[in-house]
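model_21.pdb (PDB, C-alpha atoms and all ligand atoms)
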```
ATOM      1  CA  MET P   1      19.638  -6.092  12.217
ATOM      2  CA  LYS P   2      17.267  -7.820  14.617
ATOM      3  CA  VAL P   3      14.367 -10.089  13.655
ATOM      4  CA  ALA P   4      11.426 -10.414  16.052
ATOM      5  CA  THR P   5       8.524 -12.806  15.681
ATOM      6  CA  THR P   6       6.603 -11.891  18.829
ATOM      7  CA  VAL P   7       4.883  -8.729  20.045
ATOM      8  CA  LYS P   8       6.746  -9.032  23.362
ATOM      9  CA  GLU P   9      10.177  -8.955  21.666
ATOM     10  CA  VAL P  10       9.278  -5.836  19.651
ATOM     11  CA  ARG P  11       7.995  -4.086  22.769
ATOM     12  CA  GLU P  12      11.211  -4.826  24.690
ATOM     13  CA  ILE P  13      13.447  -3.569  21.861
ATOM     14  CA  VAL P  14      11.362  -0.428  21.295
ATOM     15  CA  LYS P  15      11.330   0.330  25.038
ATOM     16  CA  GLU P  16      15.152   0.299  25.106
ATOM     17  CA  TRP P  17      15.367   2.470  21.991
ATOM     18  CA  LYS P  18      12.965   5.017  23.432
ATOM     19  CA  LYS P  19      14.862   5.095  26.724
ATOM     20  CA  GLU P  20      17.941   6.121  24.699
ATOM     21  CA  GLY P  21      15.898   8.902  23.073
ATOM     22  CA  ASN P  22      15.680   7.369  19.581
ATOM     23  CA  THR P  23      12.929   8.241  17.114
ATOM     24  CA  ILE P  24      11.280   5.346  15.279
ATOM     25  CA  GLY P  25      10.012   4.962  11.707
ATOM     26  CA  LEU P  26       7.738   2.051  10.758
ATOM     27  CA  VAL P  27       7.284   0.584   7.267
ATOM     28  CA  PRO P  28       4.389  -1.904   7.173
ATOM     29  CA  THR P  29       4.643  -4.470   4.326
ATOM     30  CA  MET P  30       3.398  -7.879   3.271
ATOM     31  CA  GLY P  31       6.907  -8.918   2.206
ATOM     32  CA  TYR P  32       8.248 -10.152  -1.141
ATOM     33  CA  LEU P  33      10.066  -6.851  -1.028
ATOM     34  CA  HIS P  34      11.090  -4.824  -4.066
ATOM     35  CA  GLU P  35      12.366  -1.317  -4.875
ATOM     36  CA  GLY P  36       8.967   0.200  -3.968
ATOM     37  CA  HIS P  37       9.300  -1.074  -0.394
ATOM     38  CA  GLU P  38      12.983  -0.150  -0.393
ATOM     39  CA  SER P  39      12.113   3.484  -1.210
ATOM     40  CA  LEU P  40       9.880   3.607   1.899
ATOM     41  CA  MET P  41      12.757   2.255   4.010
ATOM     42  CA  LYS P  42      15.012   4.991   2.600
ATOM     43  CA  CYS P  43      12.429   7.667   3.542
ATOM     44  CA  ALA P  44      12.166   6.088   7.012
ATOM     45  CA  ARG P  45      15.920   6.504   7.557
ATOM     46  CA  GLU P  46      15.179  10.072   8.654
ATOM     47  CA  ASN P  47      14.401   8.413  12.014
ATOM     48  CA  ASP P  48      17.051   7.002  14.368
ATOM     49  CA  LYS P  49      15.599   3.484  14.083
ATOM     50  CA  VAL P  50      13.656   1.778  11.280
ATOM     51  CA  ILE P  51      11.248  -1.103  11.803
ATOM     52  CA  VAL P  52       9.855  -3.051   8.816
ATOM     53  CA  SER P  53       6.956  -5.399   9.390
ATOM     54  CA  VAL P  54       6.654  -8.365   7.034
ATOM     55  CA  PHE P  55       3.232  -9.909   7.499
ATOM     56  CA  VAL P  56       0.741 -11.231   4.957
ATOM     57  CA  ASN P  57      -2.358 -10.090   6.795
ATOM     58  CA  PRO P  58      -5.061 -12.750   6.365
ATOM     59  CA  ILE P  59      -7.981 -10.537   7.403
ATOM     60  CA  GLN P  60      -7.537  -8.093   4.502
ATOM     61  CA  PHE P  61      -8.072 -10.840   1.884
ATOM     62  CA  GLY P  62     -11.562 -11.810   0.712
ATOM     63  CA  PRO P  63     -12.531 -15.506   0.502
ATOM     64  CA  THR P  64     -11.815 -15.766  -3.243
ATOM     65  CA  GLU P  65      -8.596 -13.708  -3.171
ATOM     66  CA  ASP P  66      -4.917 -14.710  -3.300
ATOM     67  CA  LEU P  67      -4.015 -15.156   0.402
ATOM     68  CA  GLU P  68      -2.632 -18.682  -0.117
ATOM     69  CA  SER P  69      -0.723 -17.931  -3.312
ATOM     70  CA  TYR P  70       0.563 -14.489  -2.242
ATOM     71  CA  PRO P  71       4.365 -14.628  -2.905
ATOM     72  CA  ARG P  72       6.610 -15.072   0.116
ATOM     73  CA  ASP P  73      10.435 -15.203   0.414
ATOM     74  CA  PHE P  74      11.526 -14.165   3.875
ATOM     75  CA  GLU P  75      15.240 -14.956   3.368
ATOM     76  CA  LYS P  76      15.358 -12.592   0.380
ATOM     77  CA  ASP P  77      13.354  -9.968   2.315
ATOM     78  CA  LYS P  78      15.843 -10.180   5.185
ATOM     79  CA  LYS P  79      18.772  -9.490   2.836
ATOM     80  CA  LEU P  80      17.039  -6.492   1.244
ATOM     81  CA  CYS P  81      16.225  -5.042   4.692
ATOM     82  CA  GLU P  82      19.786  -5.603   5.908
ATOM     83  CA  GLN P  83      21.137  -3.772   2.834
ATOM     84  CA  ALA P  84      18.659  -0.925   3.346
ATOM     85  CA  GLY P  85      19.932  -0.398   6.902
ATOM     86  CA  VAL P  86      16.767  -1.573   8.659
ATOM     87  CA  ASP P  87      17.188  -2.040  12.423
ATOM     88  CA  LEU P  88      14.373  -4.477  13.150
ATOM     89  CA  ILE P  89      12.090  -6.738  11.123
ATOM     90  CA  PHE P  90       8.839  -7.802  12.749
ATOM     91  CA  HIS P  91       7.769 -11.068  11.125
ATOM     92  CA  PRO P  92       4.954 -12.599  13.177
ATOM     93  CA  GLU P  93       2.847 -15.676  12.486
ATOM     94  CA  PRO P  94      -0.882 -14.984  11.985
ATOM     95  CA  SER P  95      -1.512 -16.746  15.333
ATOM     96  CA  GLU P  96       0.701 -14.148  17.070
ATOM     97  CA  MET P  97      -1.307 -11.264  15.576
ATOM     98  CA  TYR P  98      -4.759 -12.849  15.877
ATOM     99  CA  LEU P  99      -5.188 -14.717  19.134
ATOM    100  CA  ASP P 100      -7.956 -17.306  19.467
ATOM    101  CA  GLY P 101     -11.253 -15.488  19.771
ATOM    102  CA  PHE P 102      -9.972 -12.299  18.105
ATOM    103  CA  SER P 103     -13.025 -10.095  17.522
ATOM    104  CA  THR P 104     -12.063  -6.397  17.593
ATOM    105  CA  TYR P 105     -11.834  -4.518  14.296
ATOM    106  CA  VAL P 106     -11.210  -0.959  13.121
ATOM    107  CA  ASP P 107     -13.909  -0.277  10.557
ATOM    108  CA  MET P 108     -14.143   2.955   8.565
ATOM    109  CA  SER P 109     -17.100   4.176   6.541
ATOM    110  CA  GLY P 110     -16.994   6.781   3.734
ATOM    111  CA  LEU P 111     -13.481   6.690   2.292
ATOM    112  CA  THR P 112     -13.470   2.895   2.154
ATOM    113  CA  GLU P 113     -16.675   2.589   0.136
ATOM    114  CA  GLU P 114     -15.309   3.724  -3.266
ATOM    115  CA  LEU P 115     -12.594   2.314  -5.579
ATOM    116  CA  CYS P 116     -10.917  -0.808  -4.113
ATOM    117  CA  GLY P 117     -13.319  -0.822  -1.164
ATOM    118  CA  LYS P 118     -16.212  -1.432  -3.547
ATOM    119  CA  SER P 119     -14.687  -4.530  -5.137
ATOM    120  CA  ARG P 120     -12.973  -5.710  -1.916
ATOM    121  CA  PRO P 121     -15.610  -5.116   0.795
ATOM    122  CA  ILE P 122     -13.629  -6.369   3.837
ATOM    123  CA  HIS P 123     -10.215  -5.203   2.653
ATOM    124  CA  PHE P 124      -9.897  -1.868   4.431
ATOM    125  CA  ARG P 125     -11.315  -3.214   7.690
ATOM    126  CA  GLY P 126      -8.433  -5.701   7.616
ATOM    127  CA  VAL P 127      -5.905  -3.016   6.682
ATOM    128  CA  CYS P 128      -7.060  -0.531   9.363
ATOM    129  CA  THR P 129      -7.118  -3.268  12.001
ATOM    130  CA  VAL P 130      -3.633  -4.596  11.267
ATOM    131  CA  VAL P 131      -2.103  -1.133  10.887
ATOM    132  CA  SER P 132      -3.659  -0.052  14.217
ATOM    133  CA  LYS P 133      -2.186  -3.156  15.838
ATOM    134  CA  LEU P 134       1.248  -2.467  14.318
ATOM    135  CA  PHE P 135       1.054   1.143  15.519
ATOM    136  CA  HIS P 136       0.280  -0.060  19.059
ATOM    137  CA  ILE P 137       3.047  -2.661  18.981
ATOM    138  CA  ALA P 138       5.844  -0.593  17.420
ATOM    139  CA  THR P 139       4.690   2.857  18.683
ATOM    140  CA  PRO P 140       6.515   4.680  15.851
ATOM    141  CA  ASP P 141       6.884   8.449  15.547
ATOM    142  CA  LYS P 142       6.320   8.188  11.803
ATOM    143  CA  ALA P 143       4.902   5.505   9.491
ATOM    144  CA  TYR P 144       5.589   5.244   5.756
ATOM    145  CA  PHE P 145       3.122   4.194   3.049
ATOM    146  CA  GLY P 146       3.351   4.193  -0.755
ATOM    147  CA  GLN P 147       1.273   6.416  -3.026
ATOM    148  CA  LYS P 148       0.967   3.229  -5.111
ATOM    149  CA  ASP P 149      -1.904   2.277  -2.755
ATOM    150  CA  ALA P 150      -3.367   5.796  -2.801
ATOM    151  CA  GLN P 151      -6.704   4.894  -1.218
ATOM    152  CA  GLN P 152      -4.914   2.988   1.555
ATOM    153  CA  LEU P 153      -2.723   6.035   2.243
ATOM    154  CA  ALA P 154      -5.799   8.311   2.443
ATOM    155  CA  VAL P 155      -7.594   5.791   4.686
ATOM    156  CA  ILE P 156      -4.643   5.467   7.090
ATOM    157  CA  LYS P 157      -4.233   9.262   7.310
ATOM    158  CA  HIS P 158      -7.947   9.536   8.061
ATOM    159  CA  MET P 159      -7.822   6.765  10.695
ATOM    160  CA  VAL P 160      -4.911   8.464  12.477
ATOM    161  CA  ARG P 161      -6.877  11.719  12.491
ATOM    162  CA  ASP P 162     -10.173  10.138  13.622
ATOM    163  CA  LEU P 163      -8.623   8.034  16.395
ATOM    164  CA  ASN P 164      -6.124  10.684  17.621
ATOM    165  CA  MET P 165      -3.117   8.467  17.008
ATOM    166  CA  ASP P 166       0.101  10.348  17.747
ATOM    167  CA  ILE P 167       1.841   9.204  14.560
ATOM    168  CA  GLU P 168       2.825  11.122  11.435
ATOM    169  CA  VAL P 169       1.806   9.281   8.269
ATOM    170  CA  VAL P 170       4.229   9.907   5.398
ATOM    171  CA  GLY P 171       3.296   9.155   1.762
ATOM    172  CA  CYS P 172       6.102   8.184  -0.661
ATOM    173  CA  PRO P 173       6.001   8.313  -4.508
ATOM    174  CA  ILE P 174       5.254   5.340  -6.782
ATOM    175  CA  ILE P 175       8.344   3.430  -7.912
ATOM    176  CA  ARG P 176       8.052   2.078 -11.459
ATOM    177  CA  GLU P 177      10.000  -0.305 -13.642
ATOM    178  CA  GLU P 178      11.763   1.287 -16.616
ATOM    179  CA  SER P 179       8.808   0.184 -18.757
ATOM    180  CA  GLY P 180       6.467   2.289 -16.606
ATOM    181  CA  LEU P 181       4.853  -0.671 -14.814
ATOM    182  CA  ALA P 182       4.402   0.143 -11.118
ATOM    183  CA  LYS P 183       6.466  -2.240  -8.968
ATOM    184  CA  SER P 184       4.279  -4.744  -7.156
ATOM    185  CA  SER P 185       4.764  -8.084  -5.430
ATOM    186  CA  ARG P 186       1.850  -9.304  -7.569
ATOM    187  CA  ASN P 187       3.787  -8.621 -10.826
ATOM    188  CA  THR P 188       5.357 -12.022 -10.224
ATOM    189  CA  TYR P 189       2.011 -13.606 -11.246
ATOM    190  CA  LEU P 190       2.334 -12.136 -14.774
ATOM    191  CA  SER P 191       3.566 -14.087 -17.813
ATOM    192  CA  GLU P 192       5.816 -12.232 -20.270
ATOM    193  CA  GLU P 193       2.817 -11.565 -22.512
ATOM    194  CA  GLU P 194       0.754 -10.311 -19.562
ATOM    195  CA  LYS P 195       3.610  -8.090 -18.386
ATOM    196  CA  LYS P 196       3.507  -6.329 -21.765
ATOM    197  CA  ALA P 197      -0.277  -6.042 -21.600
ATOM    198  CA  ALA P 198       0.005  -4.635 -18.047
ATOM    199  CA  LEU P 199       1.686  -1.530 -19.470
ATOM    200  CA  VAL P 200      -1.790  -0.201 -20.302
ATOM    201  CA  LEU P 201      -2.114   0.839 -16.661
ATOM    202  CA  SER P 202       0.916   3.148 -16.641
ATOM    203  CA  LYS P 203       0.125   4.298 -20.189
ATOM    204  CA  ALA P 204      -3.326   5.352 -18.952
ATOM    205  CA  VAL P 205      -1.680   7.175 -16.032
ATOM    206  CA  PHE P 206       0.689   9.022 -18.374
ATOM    207  CA  LEU P 207      -2.143   9.861 -20.767
ATOM    208  CA  CYS P 208      -4.109  11.330 -17.861
ATOM    209  CA  GLU P 209      -1.109  13.427 -16.768
ATOM    210  CA  GLU P 210      -0.599  14.622 -20.356
ATOM    211  CA  MET P 211      -4.243  15.687 -20.781
ATOM    212  CA  ALA P 212      -4.216  17.470 -17.417
ATOM    213  CA  LYS P 213      -0.978  19.256 -18.343
ATOM    214  CA  LYS P 214      -2.658  20.520 -21.532
ATOM    215  CA  GLY P 215      -5.348  22.076 -19.349
ATOM    216  CA  GLU P 216      -8.194  19.503 -19.395
ATOM    217  CA  LYS P 217     -10.210  20.016 -16.195
ATOM    218  CA  ASN P 218     -13.152  17.751 -16.964
ATOM    219  CA  THR P 219     -12.559  14.378 -15.281
ATOM    220  CA  ALA P 220     -15.105  12.560 -17.503
ATOM    221  CA  ALA P 221     -13.189  13.603 -20.635
ATOM    222  CA  ILE P 222      -9.929  12.269 -19.177
ATOM    223  CA  LEU P 223     -11.503   9.040 -17.878
ATOM    224  CA  LYS P 224     -13.068   8.385 -21.310
ATOM    225  CA  GLU P 225      -9.641   8.448 -22.985
ATOM    226  CA  MET P 226      -8.044   6.344 -20.244
ATOM    227  CA  ILE P 227     -10.793   3.713 -20.482
ATOM    228  CA  ALA P 228     -10.548   3.581 -24.286
ATOM    229  CA  LEU P 229      -6.794   3.013 -24.048
ATOM    230  CA  ILE P 230      -7.179   0.174 -21.535
ATOM    231  CA  GLU P 231     -10.087  -1.448 -23.386
ATOM    232  CA  ALA P 232      -7.968  -1.635 -26.546
ATOM    233  CA  GLU P 233      -5.778  -4.245 -24.773
ATOM    234  CA  PRO P 234      -7.403  -7.693 -25.181
ATOM    235  CA  LEU P 235      -5.873  -9.141 -21.972
ATOM    236  CA  ALA P 236      -7.116  -6.252 -19.818
ATOM    237  CA  LYS P 237     -10.436  -6.180 -17.975
ATOM    238  CA  ILE P 238     -11.331  -3.028 -16.043
ATOM    239  CA  ASP P 239     -12.474  -3.319 -12.437
ATOM    240  CA  TYR P 240     -12.686   0.482 -12.098
ATOM    241  CA  VAL P 241     -11.155   3.665 -13.488
ATOM    242  CA  LYS P 242     -12.286   6.673 -11.455
ATOM    243  CA  ALA P 243     -11.540  10.251 -10.484
ATOM    244  CA  VAL P 244     -12.018  11.137  -6.811
ATOM    245  CA  ASP P 245     -11.007  13.833  -4.338
ATOM    246  CA  ALA P 246      -7.522  12.709  -3.256
ATOM    247  CA  GLU P 247      -8.304  13.236   0.416
ATOM    248  CA  THR P 248     -11.956  12.264   0.823
ATOM    249  CA  ILE P 249     -12.191   9.696  -2.033
ATOM    250  CA  VAL P 250     -15.495  11.271  -3.165
ATOM    251  CA  PRO P 251     -16.002  11.242  -6.997
ATOM    252  CA  VAL P 252     -15.381  14.624  -8.675
ATOM    253  CA  ASP P 253     -16.356  16.097 -12.068
ATOM    254  CA  THR P 254     -13.917  19.004 -12.320
ATOM    255  CA  ILE P 255     -10.306  19.397 -11.232
ATOM    256  CA  THR P 256     -10.353  22.263  -8.740
ATOM    257  CA  LYS P 257      -8.214  20.629  -6.021
ATOM    258  CA  PRO P 258      -5.975  17.508  -6.008
ATOM    259  CA  VAL P 259      -7.812  14.715  -7.848
ATOM    260  CA  LEU P 260      -6.831  11.072  -7.618
ATOM    261  CA  PHE P 261      -7.231   9.214 -10.908
ATOM    262  CA  ALA P 262      -7.135   5.585  -9.802
ATOM    263  CA  MET P 263      -7.676   2.268 -11.529
ATOM    264  CA  ALA P 264      -7.801  -1.446 -10.867
ATOM    265  CA  VAL P 265      -7.452  -3.634 -13.932
ATOM    266  CA  TYR P 266      -7.321  -7.407 -14.302
ATOM    267  CA  ILE P 267      -4.551  -8.618 -16.585
ATOM    268  CA  GLY P 268      -5.571 -12.233 -17.018
ATOM    269  CA  LYS P 269      -6.299 -13.349 -13.442
ATOM    270  CA  THR P 270      -4.044 -10.745 -11.807
ATOM    271  CA  ARG P 271      -5.626  -7.608 -10.404
ATOM    272  CA  LEU P 272      -3.265  -4.624 -10.678
ATOM    273  CA  ILE P 273      -3.690  -1.041  -9.467
ATOM    274  CA  ASP P 274      -2.133   2.254 -10.502
ATOM    275  CA  ASN P 275      -2.911   5.938 -10.058
ATOM    276  CA  THR P 276      -1.815   9.533 -10.314
ATOM    277  CA  ILE P 277      -2.766  12.656  -8.401
ATOM    278  CA  ILE P 278      -3.487  15.716 -10.536
ATOM    279  CA  ASP P 279      -3.082  19.051  -8.861
ATOM    280  CA  ALA P 280      -5.461  21.866  -9.858
ATOM    281  CA  LYS P 281      -2.424  23.976 -10.843
TER
HETATM  282  P1  LIG G   1       2.529  -4.301   0.271
HETATM  283  O1  LIG G   1       3.683  -5.150   0.722
HETATM  284  O2  LIG G   1       2.157  -4.498  -1.153
HETATM  285  O3  LIG G   1       1.374  -4.329   1.237
HETATM  286  O4  LIG G   1       3.072  -2.801   0.316
HETATM  287  C1  LIG G   1       3.660  -2.274   1.473
HETATM  288  C2  LIG G   1       3.871  -0.796   1.281
HETATM  289  O5  LIG G   1       4.729  -0.578   0.164
HETATM  290  C3  LIG G   1       2.575  -0.038   0.999
HETATM  291  O6  LIG G   1       2.596   1.201   1.692
HETATM  292  C4  LIG G   1       2.629   0.171  -0.493
HETATM  293  O7  LIG G   1       1.923   1.310  -0.925
HETATM  294  C5  LIG G   1       4.126   0.348  -0.710
HETATM  295  N1  LIG G   1       4.466   0.052  -2.113
HETATM  296  C6  LIG G   1       4.209  -1.084  -2.795
HETATM  297  N2  LIG G   1       4.595  -0.964  -4.089
HETATM  298  C7  LIG G   1       5.102   0.289  -4.215
HETATM  299  C8  LIG G   1       5.648   1.035  -5.310
HETATM  300  N3  LIG G   1       5.750   0.522  -6.531
HETATM  301  N4  LIG G   1       6.058   2.287  -5.066
HETATM  302  C9  LIG G   1       5.945   2.844  -3.829
HETATM  303  N5  LIG G   1       5.444   2.201  -2.763
HETATM  304  C10 LIG G   1       5.019   0.939  -2.951
END
```

Structure encoded using structure tokens:
Amino acid sequence: MKVATTVKEVREIVKEWKKEGNTIGLVPTMGYLHEGHESLMKCARENDKVIVSVFVNPIQFGPTEDLESYPRDFEKDKKLCEQAGVDLIFHPEPSEMYLDGFSTYVDMSGLTEELCGKSRPIHFRGVCTVVSKLFHIATPDKAYFGQKDAQQLAVIKHMVRDLNMDIEVVGCPIIREESGLAKSSRNTYLSEEEKKAALVLSKAVFLCEEMAKKGEKNTAAILKEMIALIEAEPLAKIDYVKAVDAETIVPVDTITKPVLFAMAVYIGKTRLIDNTIIDAK
């Protein structure tokens, strides 16, 4: 497994690979890797070569967010990638990605204005910009994103469509702990007590799936139950719990096509997200 820290190194390696006729899969991450990231790497193995980027992207964090404290352990990440059969890790410094005077951004309206975009106004501009840069640097055939960040997945698919990027975006299912808690690098912020309290997110997801399975089509009725469940947990504070069209992220009242039930909930100081997509069938 190779490790590159500069754009130039990645370009040289990718050029050789392409000359040999290899296909390339890219898995963008912020590191502190866990089984959720690992599942994306496994999906990406359908390509001849797999690149994982490990980069805590400063421009997707708001001024009061956790950029400084975001967990990092590159040695551990390297081992996990090696074991997962990754061919190249791209681990640049912020100064390599954002040269002095950097001033070009990819900014999307519409899809980015609901859910996480509402509470994190500059977040998706940062995400779209860094992912565009990674796409230009690694020039993958396919790129892999988790359903865990459902809005991000929809936004990236939309960006690729809008900007005619010749890359297939592949969504991979949410990986959960046995308890139901969705795996996240941010789970490391949680105390034991908070980890128990955090189960309200997955419980709300399962409740939603159960109600939908029984035939409930009214999103307000489902959201009401989900919110009541979360509010019963004293350590939980809701940022949002919403039902939107899974593709356009526009709020919906009735389940007639795939609906994304998504939430962001503070457990103590830690903001966690979870979601499920309910099919009309
Ligand atoms: P992050 O390092 O948190 O930016 O995540 C990098 C990628 O891994 C994103 O596409 C996430 O959606 C995905 N990911 C993170 N956690 C999970 C999970 N529990 N299950 C599936 N994918 C995940």

Where's the centre, and what are the edge lengths in Å to one decimal, of a box along x, y and z enclosing all listed atoms of ligand LIG 1 (chain G) padded 3 Å per side, as AutoDock Vina command-line options?
```
--center_x 3.7 --center_y -1.2 --center_z -2.4 --size_x 10.7 --size_y 14.0 --size_z 14.2
```

Counting all atoms listed in the file, which residues of chain P sit at most 7 Å from some atom of ligand LIG 1 (chain G), and what is each one's closest atom pair with its distance in Å to one decimal, listed by chain and rising residue number, as JSON lines?
```
{"residue": "P:Pro28", "atom": "CA", "partner": "G:LIG1", "partner_atom": "C1", "distance": 5.8}
{"residue": "P:Thr29", "atom": "CA", "partner": "G:LIG1", "partner_atom": "C1", "distance": 3.7}
{"residue": "P:Met30", "atom": "CA", "partner": "G:LIG1", "partner_atom": "O1", "distance": 3.7}
{"residue": "P:Gly31", "atom": "CA", "partner": "G:LIG1", "partner_atom": "O1", "distance": 5.2}
{"residue": "P:Leu33", "atom": "CA", "partner": "G:LIG1", "partner_atom": "O1", "distance": 6.8}
{"residue": "P:Gly36", "atom": "CA", "partner": "G:LIG1", "partner_atom": "C8", "distance": 3.7}
{"residue": "P:His37", "atom": "CA", "partner": "G:LIG1", "partner_atom": "O5", "distance": 4.6}
{"residue": "P:Ser39", "atom": "CA", "partner": "G:LIG1", "partner_atom": "C9", "distance": 6.7}
{"residue": "P:Leu40", "atom": "CA", "partner": "G:LIG1", "partner_atom": "N5", "distance": 6.6}
{"residue": "P:Tyr144", "atom": "CA", "partner": "G:LIG1", "partner_atom": "O6", "distance": 6.5}
{"residue": "P:Phe145", "atom": "CA", "partner": "G:LIG1", "partner_atom": "O6", "distance": 3.3}
{"residue": "P:Gly146", "atom": "CA", "partner": "G:LIG1", "partner_atom": "O7", "distance": 3.2}
{"residue": "P:Gln147", "atom": "CA", "partner": "G:LIG1", "partner_atom": "O7", "distance": 5.6}
{"residue": "P:Lys148", "atom": "CA", "partner": "G:LIG1", "partner_atom": "O7", "distance": 4.7}
{"residue": "P:Asp149", "atom": "CA", "partner": "G:LIG1", "partner_atom": "O7", "distance": 4.4}
{"residue": "P:Cys172", "atom": "CA", "partner": "G:LIG1", "partner_atom": "C9", "distance": 6.2}
{"residue": "P:Pro173", "atom": "CA", "partner": "G:LIG1", "partner_atom": "C9", "distance": 5.5}
{"residue": "P:Ile174", "atom": "CA", "partner": "G:LIG1", "partner_atom": "N4", "distance": 3.6}
{"residue": "P:Ile175", "atom": "CA", "partner": "G:LIG1", "partner_atom": "N4", "distance": 3.8}
{"residue": "P:Arg176", "atom": "CA", "partner": "G:LIG1", "partner_atom": "N3", "distance": 5.7}
{"residue": "P:Ala182", "atom": "CA", "partner": "G:LIG1", "partner_atom": "N3", "distance": 4.8}
{"residue": "P:Lys183", "atom": "CA", "partner": "G:LIG1", "partner_atom": "N3", "distance": 3.8}
{"residue": "P:Ser184", "atom": "CA", "partner": "G:LIG1", "partner_atom": "N2", "distance": 4.9}
{"residue": "P:Ser185", "atom": "CA", "partner": "G:LIG1", "partner_atom": "O2", "distance": 6.2}
```

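The two atoms in question, atom CA of Ile89 of chain P and atom CA of Glu46 of chain P, are spaced 17.3 Å apart.
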
(message) What would the selection look like, as JSON, numbers by chain, if the PyMOL selection byres (((chain P and resi 80) around 10) and not hetatm) were run on the coordinates I just shared?
(response) {"P": [32, 33, 34, 35, 37, 38, 74, 75, 76, 77, 78, 79, 81, 82, 83, 84, 85, 86]}

(request) Check what the PyMOL selection byres (((chain P and resi 107) around 8) and not hetatm) selects in the file above and give those residues as a PyMOL selection string. (result) chain P and resi 105-106+108-109+124-125+128-129

(message) Would you pick out the contacts of Glu65 of chain P at 12 Å or less, using all atoms listed in the file, so that residues sharing its chain but fewer than 6 positions from it are not included, and give the list as a ChimeraX atom specification?
(response) /P:58-59,119-123,269-271

(message) So, with all atoms listed in the file as the atoms that count, which of P:Leu181, P:Ile13, P:Leu134, P:Ala232 lies closest to Val54 of chain P?
(response)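 Of P:Leu181, P:Ile13, P:Leu134, P:Ala232, the one nearest Val54 of chain P, counting all atoms listed in the file, is P:Leu134.
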